[in-house]
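Everything below belongs to protein29.txt, which stores compact mmCIF, C-alpha atoms.
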# COMPACT_ATOMS: atom_id res chain seq x y z
CA MET A 1 -39.82 1.61 -55.41
CA ASN A 2 -43.26 0.07 -54.85
CA GLU A 3 -42.64 -0.23 -51.13
CA PRO A 4 -43.79 2.56 -48.78
CA LEU A 5 -41.05 5.07 -47.89
CA THR A 6 -40.66 6.50 -44.39
CA LEU A 7 -38.17 9.24 -43.51
CA HIS A 8 -36.89 9.26 -39.93
CA GLU A 9 -35.93 12.90 -39.47
CA ASP A 10 -35.56 16.07 -37.46
CA PRO A 11 -37.12 18.92 -39.49
CA ARG A 12 -34.32 21.33 -38.47
CA SER A 13 -31.70 19.12 -40.14
CA GLY A 14 -30.55 20.04 -43.64
CA ASN A 15 -29.45 16.44 -44.16
CA CYS A 16 -33.07 15.34 -43.64
CA TYR A 17 -34.34 18.15 -45.87
CA LYS A 18 -32.21 16.85 -48.78
CA ILE A 19 -34.32 13.69 -48.85
CA ARG A 20 -37.63 15.55 -48.58
CA LEU A 21 -36.57 17.90 -51.39
CA THR A 22 -35.47 14.99 -53.61
CA ALA A 23 -38.78 13.19 -53.05
CA ALA A 24 -40.74 16.40 -53.73
CA LEU A 25 -38.90 17.14 -56.98
CA LEU A 26 -39.55 13.55 -58.09
CA GLY A 27 -43.17 13.50 -56.88
CA LEU A 28 -42.54 10.52 -54.58
CA PRO A 29 -44.76 10.08 -51.50
CA LEU A 30 -42.85 10.01 -48.22
CA VAL A 31 -44.17 9.45 -44.71
CA VAL A 32 -42.23 11.46 -42.14
CA ARG A 33 -41.51 10.38 -38.57
CA GLY A 34 -40.02 13.13 -36.41
CA TYR A 35 -37.35 12.98 -33.70
CA ASP A 36 -35.85 15.72 -31.53
CA ILE A 37 -32.08 15.25 -31.69
CA MET A 38 -31.64 17.83 -28.90
CA LYS A 39 -33.51 15.46 -26.58
CA GLY A 40 -31.46 12.41 -27.56
CA GLU A 41 -34.36 10.73 -29.32
CA THR A 42 -32.01 9.13 -31.89
CA ARG A 43 -29.80 7.60 -29.17
CA THR A 44 -32.42 5.41 -27.50
CA PRO A 45 -31.78 1.63 -27.39
CA GLU A 46 -34.76 1.10 -29.73
CA PHE A 47 -33.50 3.58 -32.32
CA LEU A 48 -29.95 2.18 -32.21
CA ALA A 49 -31.18 -1.42 -32.54
CA GLN A 50 -33.85 -0.93 -35.21
CA VAL A 51 -33.14 2.22 -37.23
CA ASN A 52 -29.45 3.20 -37.13
CA ALA A 53 -26.66 1.89 -34.92
CA ASN A 54 -24.84 5.17 -35.64
CA GLY A 55 -27.54 7.09 -33.71
CA ARG A 56 -28.06 9.60 -36.48
CA ILE A 57 -30.82 10.85 -38.68
CA PRO A 58 -31.85 10.95 -41.47
CA VAL A 59 -32.62 7.32 -42.14
CA LEU A 60 -34.77 6.29 -45.09
CA GLN A 61 -36.92 3.26 -44.28
CA ILE A 62 -37.99 1.16 -47.25
CA GLY A 63 -40.96 -1.08 -46.57
CA GLU A 64 -42.68 -1.80 -43.27
CA GLY A 65 -42.74 -4.46 -40.57
CA GLY A 66 -40.25 -7.32 -40.42
CA GLY A 67 -39.02 -6.88 -43.99
CA ALA A 68 -38.25 -3.18 -43.68
CA ARG A 69 -34.78 -2.05 -44.73
CA PHE A 70 -33.03 1.02 -43.33
CA LEU A 71 -30.71 3.36 -45.23
CA PRO A 72 -28.70 5.90 -43.21
CA GLU A 73 -26.60 8.70 -44.75
CA SER A 74 -28.57 11.47 -46.41
CA ASN A 75 -26.82 11.37 -49.77
CA ALA A 76 -27.16 7.57 -50.05
CA ALA A 77 -30.89 7.91 -49.35
CA CYS A 78 -31.20 10.58 -52.07
CA TRP A 79 -29.36 8.22 -54.42
CA TYR A 80 -31.83 5.43 -53.68
CA LEU A 81 -34.74 7.71 -54.60
CA ALA A 82 -33.23 9.37 -57.67
CA LYS A 83 -30.66 7.08 -59.25
CA ASP A 84 -32.55 6.45 -62.49
CA SER A 85 -34.16 9.89 -62.69
CA ALA A 86 -33.11 13.14 -64.38
CA LEU A 87 -31.54 14.18 -61.04
CA VAL A 88 -28.56 11.88 -61.71
CA PRO A 89 -26.55 12.37 -64.93
CA GLN A 90 -26.79 9.13 -66.86
CA ASP A 91 -23.30 9.14 -68.45
CA ARG A 92 -20.37 7.53 -66.65
CA PHE A 93 -18.37 10.70 -65.97
CA GLY A 94 -21.45 12.77 -65.11
CA GLU A 95 -22.66 10.23 -62.58
CA ALA A 96 -19.25 10.10 -60.87
CA ASP A 97 -18.97 13.90 -61.00
CA CYS A 98 -22.38 14.20 -59.29
CA LEU A 99 -21.08 11.93 -56.52
CA ARG A 100 -17.88 14.00 -56.41
CA TRP A 101 -19.88 17.06 -55.28
CA MET A 102 -21.91 14.97 -52.84
CA PHE A 103 -18.69 13.69 -51.20
CA PHE A 104 -17.32 17.26 -51.22
CA GLU A 105 -20.49 18.32 -49.42
CA GLN A 106 -20.09 15.74 -46.67
CA TYR A 107 -16.35 16.29 -46.24
CA ASN A 108 -15.66 19.99 -46.88
CA HIS A 109 -19.02 21.71 -46.45
CA GLU A 110 -21.30 20.01 -43.93
CA PRO A 111 -18.78 19.64 -41.04
CA ASN A 112 -18.16 23.39 -41.24
CA VAL A 113 -21.25 25.18 -42.57
CA ALA A 114 -23.82 22.87 -40.95
CA THR A 115 -21.93 22.38 -37.69
CA LEU A 116 -21.56 26.12 -37.06
CA ARG A 117 -25.29 26.57 -37.74
CA PHE A 118 -26.06 23.79 -35.27
CA TRP A 119 -23.71 25.17 -32.63
CA LEU A 120 -24.63 28.84 -32.97
CA ARG A 121 -28.35 28.65 -33.72
CA PHE A 122 -29.51 25.54 -31.84
CA VAL A 123 -26.98 24.76 -29.08
CA GLY A 124 -26.06 28.40 -28.42
CA GLU A 125 -22.51 29.73 -28.17
CA ALA A 126 -22.69 29.99 -24.38
CA ASN A 127 -23.42 26.27 -24.14
CA LEU A 128 -20.49 25.10 -26.29
CA SER A 129 -17.59 23.22 -24.73
CA ALA A 130 -14.16 24.85 -24.69
CA GLU A 131 -13.04 22.32 -27.30
CA GLN A 132 -15.96 23.27 -29.58
CA ARG A 133 -15.31 26.98 -29.10
CA GLY A 134 -11.69 26.38 -30.05
CA GLN A 135 -12.81 25.02 -33.41
CA ILE A 136 -15.06 27.92 -34.45
CA ILE A 137 -12.41 29.88 -36.34
CA ALA A 138 -11.07 26.82 -38.17
CA LYS A 139 -14.60 25.81 -39.14
CA ARG A 140 -15.39 29.37 -40.22
CA MET A 141 -12.34 29.44 -42.50
CA ALA A 142 -13.00 25.97 -43.93
CA GLY A 143 -16.68 26.82 -44.49
CA CYS A 144 -15.75 30.05 -46.29
CA ALA A 145 -13.29 28.09 -48.44
CA ALA A 146 -16.04 25.63 -49.42
CA LEU A 147 -18.49 28.44 -50.24
CA GLY A 148 -15.77 30.30 -52.17
CA LEU A 149 -14.96 27.22 -54.23
CA MET A 150 -18.67 26.78 -55.03
CA ASP A 151 -18.99 30.45 -55.96
CA LYS A 152 -16.07 30.33 -58.37
CA TYR A 153 -17.40 27.13 -59.96
CA LEU A 154 -20.90 28.58 -60.37
CA GLU A 155 -19.66 31.77 -62.04
CA THR A 156 -19.84 30.00 -65.39
CA ARG A 157 -22.48 27.34 -64.69
CA ALA A 158 -26.21 27.21 -63.90
CA PHE A 159 -25.92 24.01 -61.83
CA PHE A 160 -23.09 21.81 -60.54
CA CYS A 161 -23.39 19.07 -63.17
CA GLY A 162 -24.19 20.79 -66.44
CA ASP A 163 -27.30 22.73 -67.38
CA ALA A 164 -29.82 20.73 -65.36
CA PRO A 165 -30.25 20.33 -61.61
CA SER A 166 -28.92 17.12 -60.02
CA LEU A 167 -28.48 15.56 -56.60
CA ALA A 168 -25.24 17.56 -56.36
CA ASP A 169 -27.32 20.75 -56.23
CA ILE A 170 -29.77 19.30 -53.71
CA ALA A 171 -26.97 18.09 -51.42
CA LEU A 172 -25.17 21.45 -51.50
CA PHE A 173 -28.33 23.58 -51.36
CA ALA A 174 -29.55 22.10 -48.07
CA TYR A 175 -27.08 23.82 -45.75
CA THR A 176 -25.91 26.58 -48.10
CA HIS A 177 -29.26 28.35 -48.23
CA VAL A 178 -29.36 28.56 -44.43
CA ALA A 179 -25.63 29.28 -44.00
CA GLU A 180 -26.38 32.74 -42.58
CA GLU A 181 -27.90 31.00 -39.53
CA GLY A 182 -24.33 29.83 -38.86
CA GLY A 183 -22.85 33.29 -39.30
CA PHE A 184 -21.75 32.99 -42.94
CA GLY A 185 -22.52 36.08 -45.02
CA LEU A 186 -23.83 34.94 -48.39
CA GLY A 187 -23.34 38.45 -49.81
CA ASP A 188 -19.72 37.46 -50.40
CA TYR A 189 -20.85 34.75 -52.83
CA PRO A 190 -23.05 36.27 -55.56
CA ALA A 191 -22.89 33.26 -57.88
CA VAL A 192 -24.03 31.06 -55.00
CA GLN A 193 -26.91 33.45 -54.31
CA ALA A 194 -28.04 33.33 -57.96
CA TRP A 195 -27.84 29.51 -57.88
CA ILE A 196 -29.93 29.39 -54.67
CA ALA A 197 -32.63 31.38 -56.51
CA ARG A 198 -32.47 28.91 -59.42
CA VAL A 199 -32.91 25.92 -57.09
CA GLU A 200 -35.82 27.61 -55.29
CA ALA A 201 -37.53 28.18 -58.66
CA LEU A 202 -37.49 24.48 -59.65
CA PRO A 203 -40.91 22.90 -60.30
CA GLY A 204 -41.94 20.92 -57.22
CA PHE A 205 -39.51 22.77 -54.90
CA VAL A 206 -40.45 22.65 -51.21
CA PRO A 207 -38.91 24.89 -48.52
CA MET A 208 -37.06 23.50 -45.51
CA ASP A 209 -39.72 24.30 -42.91
CA MET B 210 -13.11 3.56 -70.19
CA ASN B 211 -11.02 3.50 -73.35
CA GLU B 212 -9.24 6.70 -72.38
CA PRO B 213 -5.95 6.56 -70.46
CA LEU B 214 -6.30 6.93 -66.69
CA THR B 215 -3.87 8.96 -64.60
CA LEU B 216 -3.96 9.10 -60.81
CA HIS B 217 -2.62 12.30 -59.22
CA GLU B 218 -1.61 11.07 -55.77
CA ASP B 219 0.61 11.03 -52.71
CA PRO B 220 1.50 7.38 -51.96
CA ARG B 221 1.13 7.95 -48.19
CA SER B 222 -2.55 8.86 -48.61
CA GLY B 223 -5.15 6.19 -47.97
CA ASN B 224 -7.59 8.13 -50.12
CA CYS B 225 -5.22 7.71 -53.07
CA TYR B 226 -4.66 4.04 -52.22
CA LYS B 227 -8.41 3.37 -52.54
CA ILE B 228 -8.21 4.19 -56.24
CA ARG B 229 -5.06 2.14 -56.81
CA LEU B 230 -6.63 -0.84 -55.02
CA THR B 231 -9.87 -0.54 -57.01
CA ALA B 232 -7.95 -0.42 -60.30
CA ALA B 233 -5.80 -3.39 -59.25
CA LEU B 234 -8.79 -5.55 -58.26
CA LEU B 235 -10.42 -4.71 -61.62
CA GLY B 236 -7.19 -5.16 -63.63
CA LEU B 237 -7.34 -1.60 -64.98
CA PRO B 238 -4.07 0.12 -66.00
CA LEU B 239 -3.39 3.35 -64.16
CA VAL B 240 -0.54 5.81 -64.64
CA VAL B 241 0.51 7.40 -61.34
CA ARG B 242 1.81 10.94 -60.92
CA GLY B 243 3.17 11.68 -57.44
CA TYR B 244 2.97 14.83 -55.32
CA ASP B 245 4.32 15.59 -51.86
CA ILE B 246 1.45 17.15 -49.91
CA MET B 247 3.86 18.03 -47.08
CA LYS B 248 5.68 20.35 -49.51
CA GLY B 249 2.49 22.01 -50.76
CA GLU B 250 2.76 20.47 -54.21
CA THR B 251 -1.05 20.28 -54.52
CA ARG B 252 -1.46 23.99 -53.71
CA THR B 253 0.53 25.43 -56.61
CA PRO B 254 -1.30 27.77 -59.03
CA GLU B 255 -0.88 25.16 -61.79
CA PHE B 256 -2.43 22.37 -59.71
CA LEU B 257 -5.32 24.55 -58.55
CA ALA B 258 -6.06 25.74 -62.10
CA GLN B 259 -5.67 22.46 -63.96
CA VAL B 260 -6.21 19.52 -61.60
CA ASN B 261 -8.32 20.48 -58.55
CA ALA B 262 -9.36 23.93 -57.33
CA ASN B 263 -9.80 22.32 -53.90
CA GLY B 264 -6.02 21.72 -53.67
CA ARG B 265 -6.43 18.09 -52.73
CA ILE B 266 -5.41 14.72 -53.99
CA PRO B 267 -6.37 12.17 -55.16
CA VAL B 268 -7.66 13.30 -58.52
CA LEU B 269 -8.41 10.80 -61.27
CA GLN B 270 -7.60 12.20 -64.71
CA ILE B 271 -9.51 10.68 -67.60
CA GLY B 272 -7.92 11.24 -70.99
CA GLU B 273 -4.98 13.45 -71.87
CA GLY B 274 -4.29 16.89 -73.29
CA GLY B 275 -6.98 19.49 -73.87
CA GLY B 276 -9.86 17.03 -73.58
CA ALA B 277 -8.78 15.57 -70.25
CA ARG B 278 -11.37 15.52 -67.47
CA PHE B 279 -10.52 15.59 -63.78
CA LEU B 280 -12.41 13.82 -61.00
CA PRO B 281 -11.55 14.75 -57.40
CA GLU B 282 -12.87 12.90 -54.32
CA SER B 283 -11.48 9.42 -53.81
CA ASN B 284 -14.81 7.62 -53.54
CA ALA B 285 -16.20 9.30 -56.68
CA ALA B 286 -13.08 8.21 -58.58
CA CYS B 287 -13.54 4.62 -57.36
CA TRP B 288 -17.17 4.81 -58.50
CA TYR B 289 -16.07 5.91 -61.98
CA LEU B 290 -13.78 2.89 -62.25
CA ALA B 291 -16.07 0.27 -60.74
CA LYS B 292 -19.71 1.29 -61.21
CA ASP B 293 -20.65 -1.54 -63.58
CA SER B 294 -18.36 -4.15 -62.03
CA ALA B 295 -18.87 -6.75 -59.31
CA LEU B 296 -17.48 -4.20 -56.82
CA VAL B 297 -20.82 -2.34 -56.85
CA PRO B 298 -24.01 -4.25 -55.95
CA GLN B 299 -26.29 -4.06 -58.95
CA ASP B 300 -29.67 -3.94 -57.14
CA ARG B 301 -31.16 -0.59 -56.15
CA PHE B 302 -30.90 -1.03 -52.37
CA GLY B 303 -27.46 -2.65 -52.52
CA GLU B 304 -26.03 0.15 -54.64
CA ALA B 305 -27.36 2.82 -52.25
CA ASP B 306 -26.18 0.79 -49.24
CA CYS B 307 -22.67 0.61 -50.75
CA LEU B 308 -22.72 4.43 -51.05
CA ARG B 309 -24.03 4.61 -47.49
CA TRP B 310 -20.82 3.06 -46.18
CA MET B 311 -18.70 5.25 -48.47
CA PHE B 312 -20.38 8.39 -47.07
CA PHE B 313 -19.97 7.00 -43.55
CA GLU B 314 -16.27 6.58 -44.31
CA GLN B 315 -15.82 10.18 -45.40
CA TYR B 316 -17.92 11.66 -42.57
CA ASN B 317 -17.37 9.46 -39.52
CA HIS B 318 -14.16 7.56 -40.20
CA GLU B 319 -11.67 9.52 -42.33
CA PRO B 320 -11.76 12.84 -40.42
CA ASN B 321 -10.87 10.92 -37.25
CA VAL B 322 -8.90 7.79 -38.11
CA ALA B 323 -7.01 9.27 -41.08
CA THR B 324 -6.49 12.70 -39.57
CA LEU B 325 -4.92 11.32 -36.37
CA ARG B 326 -2.61 9.14 -38.50
CA PHE B 327 -1.61 12.20 -40.53
CA TRP B 328 -1.06 14.34 -37.46
CA LEU B 329 0.78 11.78 -35.32
CA ARG B 330 2.78 9.91 -37.95
CA PHE B 331 3.55 12.53 -40.59
CA VAL B 332 3.22 15.99 -39.00
CA GLY B 333 4.40 14.90 -35.55
CA GLU B 334 2.63 15.71 -32.30
CA ALA B 335 5.20 18.38 -31.38
CA ASN B 336 4.41 20.27 -34.58
CA LEU B 337 0.64 20.39 -34.10
CA SER B 338 -1.11 23.68 -33.39
CA ALA B 339 -2.81 24.17 -30.03
CA GLU B 340 -6.16 23.97 -31.81
CA GLN B 341 -5.21 20.63 -33.41
CA ARG B 342 -3.93 19.26 -30.10
CA GLY B 343 -7.24 20.26 -28.53
CA GLN B 344 -9.07 18.02 -30.98
CA ILE B 345 -7.07 14.83 -30.43
CA ILE B 346 -9.29 13.37 -27.73
CA ALA B 347 -12.52 14.14 -29.60
CA LYS B 348 -11.08 12.57 -32.77
CA ARG B 349 -9.86 9.56 -30.80
CA MET B 350 -13.32 8.98 -29.36
CA ALA B 351 -15.09 9.50 -32.69
CA GLY B 352 -12.59 7.21 -34.46
CA CYS B 353 -13.10 4.49 -31.84
CA ALA B 354 -16.86 4.86 -32.28
CA ALA B 355 -16.53 4.38 -36.05
CA LEU B 356 -14.29 1.32 -35.61
CA GLY B 357 -16.63 -0.07 -32.95
CA LEU B 358 -19.65 0.32 -35.22
CA MET B 359 -17.76 -1.46 -38.03
CA ASP B 360 -16.71 -4.27 -35.67
CA LYS B 361 -20.26 -4.89 -34.47
CA TYR B 362 -21.55 -4.88 -38.06
CA LEU B 363 -18.85 -7.30 -39.23
CA GLU B 364 -19.52 -9.77 -36.42
CA THR B 365 -22.15 -11.43 -38.60
CA ARG B 366 -20.93 -10.50 -42.09
CA ALA B 367 -17.94 -11.26 -44.32
CA PHE B 368 -18.07 -7.89 -46.10
CA PHE B 369 -20.05 -4.65 -45.72
CA CYS B 370 -22.52 -5.29 -48.55
CA GLY B 371 -23.35 -8.98 -48.46
CA ASP B 372 -21.07 -11.92 -49.14
CA ALA B 373 -18.84 -10.29 -51.77
CA PRO B 374 -16.37 -7.40 -51.51
CA SER B 375 -17.53 -4.00 -52.76
CA LEU B 376 -16.30 -0.41 -52.91
CA ALA B 377 -17.60 -0.06 -49.35
CA ASP B 378 -14.88 -2.47 -48.20
CA ILE B 379 -12.19 -0.73 -50.26
CA ALA B 380 -13.16 2.71 -48.93
CA LEU B 381 -13.16 1.55 -45.30
CA PHE B 382 -10.10 -0.68 -45.61
CA ALA B 383 -7.78 2.10 -46.77
CA TYR B 384 -7.38 3.90 -43.44
CA THR B 385 -8.59 1.10 -41.13
CA HIS B 386 -5.70 -1.24 -41.92
CA VAL B 387 -3.18 1.48 -40.98
CA ALA B 388 -5.20 2.85 -38.04
CA GLU B 389 -2.48 1.79 -35.59
CA GLU B 390 -0.22 4.43 -37.16
CA GLY B 391 -2.69 6.93 -35.68
CA GLY B 392 -2.67 5.32 -32.26
CA PHE B 393 -5.79 3.15 -32.60
CA GLY B 394 -5.36 -0.36 -31.21
CA LEU B 395 -6.98 -2.80 -33.61
CA GLY B 396 -6.86 -5.56 -30.98
CA ASP B 397 -10.09 -4.09 -29.61
CA TYR B 398 -11.84 -4.90 -32.89
CA PRO B 399 -11.46 -8.62 -33.71
CA ALA B 400 -14.16 -8.69 -36.39
CA VAL B 401 -12.44 -5.78 -38.12
CA GLN B 402 -9.12 -7.65 -37.95
CA ALA B 403 -10.66 -10.75 -39.55
CA TRP B 404 -12.21 -8.58 -42.28
CA ILE B 405 -8.83 -6.92 -42.95
CA ALA B 406 -7.37 -10.38 -43.55
CA ARG B 407 -10.21 -11.22 -45.93
CA VAL B 408 -9.62 -8.03 -47.95
CA GLU B 409 -5.87 -8.69 -48.09
CA ALA B 410 -6.57 -12.18 -49.46
CA LEU B 411 -8.62 -10.94 -52.43
CA PRO B 412 -7.28 -11.89 -55.89
CA GLY B 413 -5.42 -8.92 -57.33
CA PHE B 414 -4.95 -7.21 -53.95
CA VAL B 415 -2.04 -4.74 -53.80
CA PRO B 416 -0.59 -3.31 -50.58
CA MET B 417 -0.49 0.40 -49.80
CA ASP B 418 3.24 0.89 -50.27
Final structure tokens representation of the file:
Amino acid sequence: MNEPLTLHEDPRSGNCYKIRLTAALLGLPLVVRGYDIMKGETRTPEFLAQVNANGRIPVLQIGEGGGARFLPESNAACWYLAKDSALVPQDRFGEADCLRWMFFEQYNHEPNVATLRFWLRFVGEANLSAEQRGQIIAKRMAGCAALGLMDKYLETRAFFCGDAPSLADIALFAYTHVAEEGGFGLGDYPAVQAWIARVEALPGFVPMD
Amino acid sequence: MNEPLTLHEDPRSGNCYKIRLTAALLGLPLVVRGYDIMKGETRTPEFLAQVNANGRIPVLQIGEGGGARFLPESNAACWYLAKDSALVPQDRFGEADCLRWMFFEQYNHEPNVATLRFWLRFVGEANLSAEQRGQIIAKRMAGCAALGLMDKYLETRAFFCGDAPSLADIALFAYTHVAEEGGFGLGDYPAVQAWIARVEALPGFVPMD
């Protein structure tokens, strides 16, 4: 971790914010390089060849120049930054359980809660394709199911992995705290709301914008 | 890892197979308990209360009786089994890069390649909802993009994380090697086909069925 760290990001993306929040909570310096995904800036030949062949941000760049290494996938980048810190439980089950919530986030939460926010707030409902419009109700239901599962789990817990915050909280916080921008009413999930306040009160916390 | 391990699974699921393959490659004993997801056996009140509130398999159960712990999410369960083995790179970047491919699998690959297999082979196209049918082309394109990205990456590599197999290979192998059951033609991806043969030749390899 002696090499300089550069985050290739779009500041509107919760996936990018996860990495900034992890670095802030750990006090790690991070240089940010911005892209506008709405203008296709992560689909240029240069970006695909040098940064991420998948054409997506965030990407965490470790080092500079010819020896630089590139790490796509937001939760993998958070893991790189935090793996030996207090943000990852250090016992075998706890570590796997932290990853369990991070995989849940990418599979059950992000494709519904984040995608509806992207479609409704940034693309605009009028600009959606018929195929996208046809998925809104299914994504709404799946997103509500994910938030409901989180709410039930948090009824008896301060954070997702025990009494202390972990990468599981950071991963799930990123798009949950802006879920209303995608039309999800957080008033239905009081335990989630109380948990959001706990995350926002952490020492070193930085907001999304 | 001295506690007995039980896998709650449906043998048709590639996500469950990942855990069986990881255990086999590591020589770990695993008791299997089967469910039929087509009959809703993972949505019963007992399953939701005791095994996984998310109503999904696989779940890795560690221990038995009142002290048993339950770990949903296939890739998290593989991590629990393999984290200190040769199946996880032990340097900081390699470990995060292994997770990178496992997150890619759950976000870009599984929802397309595995879902089309489930819909077309097990549900049957005639039984799909109009909303599901409307997603087939988008999932086909996204699945081909994931397979294409893998093929390009594997053109110059034996495995996803260096010269030795890792959990990244196991996670991606599970649904890739049966992608033709979802209508994907693997002939378009020769580097992927060669990699499939390398995984199948690993000592301790077990097939899906």
With a distance threshold of 8 Å and counting only C-alpha atoms, extract the residues of chain A near chain B and express them as a VMD selection string. chain A and resid 53 to 54 71 to 73 75 to 77 79 to 80 92 to 93 95 to 97 99 to 100 103 to 104 106 to 107 131 134 to 135 149
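Our summary of the geometry notes that CA of Leu269 (chain B) is positioned 7.0 Å from CA of Leu214 (chain B).
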Close residues, Phe205 (chain A) itself excluded, 12 Å, all atoms listed in the file, min 3 positions apart in chain, as a PDB file with C-alpha atoms, in the frame of the given file:
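Contents of out.pdb, freshly written:
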ATOM      1  CA  TYR A  17     -34.340  18.150 -45.870  1.00  0.00           C
ATOM      2  CA  LYS A  18     -32.210  16.850 -48.780  1.00  0.00           C
ATOM      3  CA  ARG A  20     -37.630  15.550 -48.580  1.00  0.00           C
ATOM      4  CA  LEU A  21     -36.570  17.900 -51.390  1.00  0.00           C
ATOM      5  CA  THR A  22     -35.470  14.990 -53.610  1.00  0.00           C
ATOM      6  CA  ALA A  23     -38.780  13.190 -53.050  1.00  0.00           C
ATOM      7  CA  ALA A  24     -40.740  16.400 -53.730  1.00  0.00           C
ATOM      8  CA  LEU A  25     -38.900  17.140 -56.980  1.00  0.00           C
ATOM      9  CA  LEU A  26     -39.550  13.550 -58.090  1.00  0.00           C
ATOM     10  CA  GLY A  27     -43.170  13.500 -56.880  1.00  0.00           C
ATOM     11  CA  PRO A 165     -30.250  20.330 -61.610  1.00  0.00           C
ATOM     12  CA  ILE A 170     -29.770  19.300 -53.710  1.00  0.00           C
ATOM     13  CA  PHE A 173     -28.330  23.580 -51.360  1.00  0.00           C
ATOM     14  CA  ILE A 196     -29.930  29.390 -54.670  1.00  0.00           C
ATOM     15  CA  ALA A 197     -32.630  31.380 -56.510  1.00  0.00           C
ATOM     16  CA  ARG A 198     -32.470  28.910 -59.420  1.00  0.00           C
ATOM     17  CA  VAL A 199     -32.910  25.920 -57.090  1.00  0.00           C
ATOM     18  CA  GLU A 200     -35.820  27.610 -55.290  1.00  0.00           C
ATOM     19  CA  ALA A 201     -37.530  28.180 -58.660  1.00  0.00           C
ATOM     20  CA  LEU A 202     -37.490  24.480 -59.650  1.00  0.00           C
ATOM     21  CA  MET A 208     -37.060  23.500 -45.510  1.00  0.00           C
TER      22      MET A 208
END
Using all atoms listed in the file, find the one residue out of B:Ala351, B:Glu218, B:Leu237, B:Thr324 that sits nearest to Thr251 (chain B). B:Glu218
What is the distance, in Å and to one decimal place, between CA of Thr6 (chain A) and CA of Ala68 (chain A)? 10.0 Å
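Between CA of Asn2 (chain A) and CA of Leu167 (chain A) there is a distance of 21.5 Å.
The shortest atom-to-atom distance to Gly357 (chain B), with only C-alpha atoms taken into account, belongs to B:Val401 out of B:Val401, B:Ala380, B:Leu239, B:Ala291.
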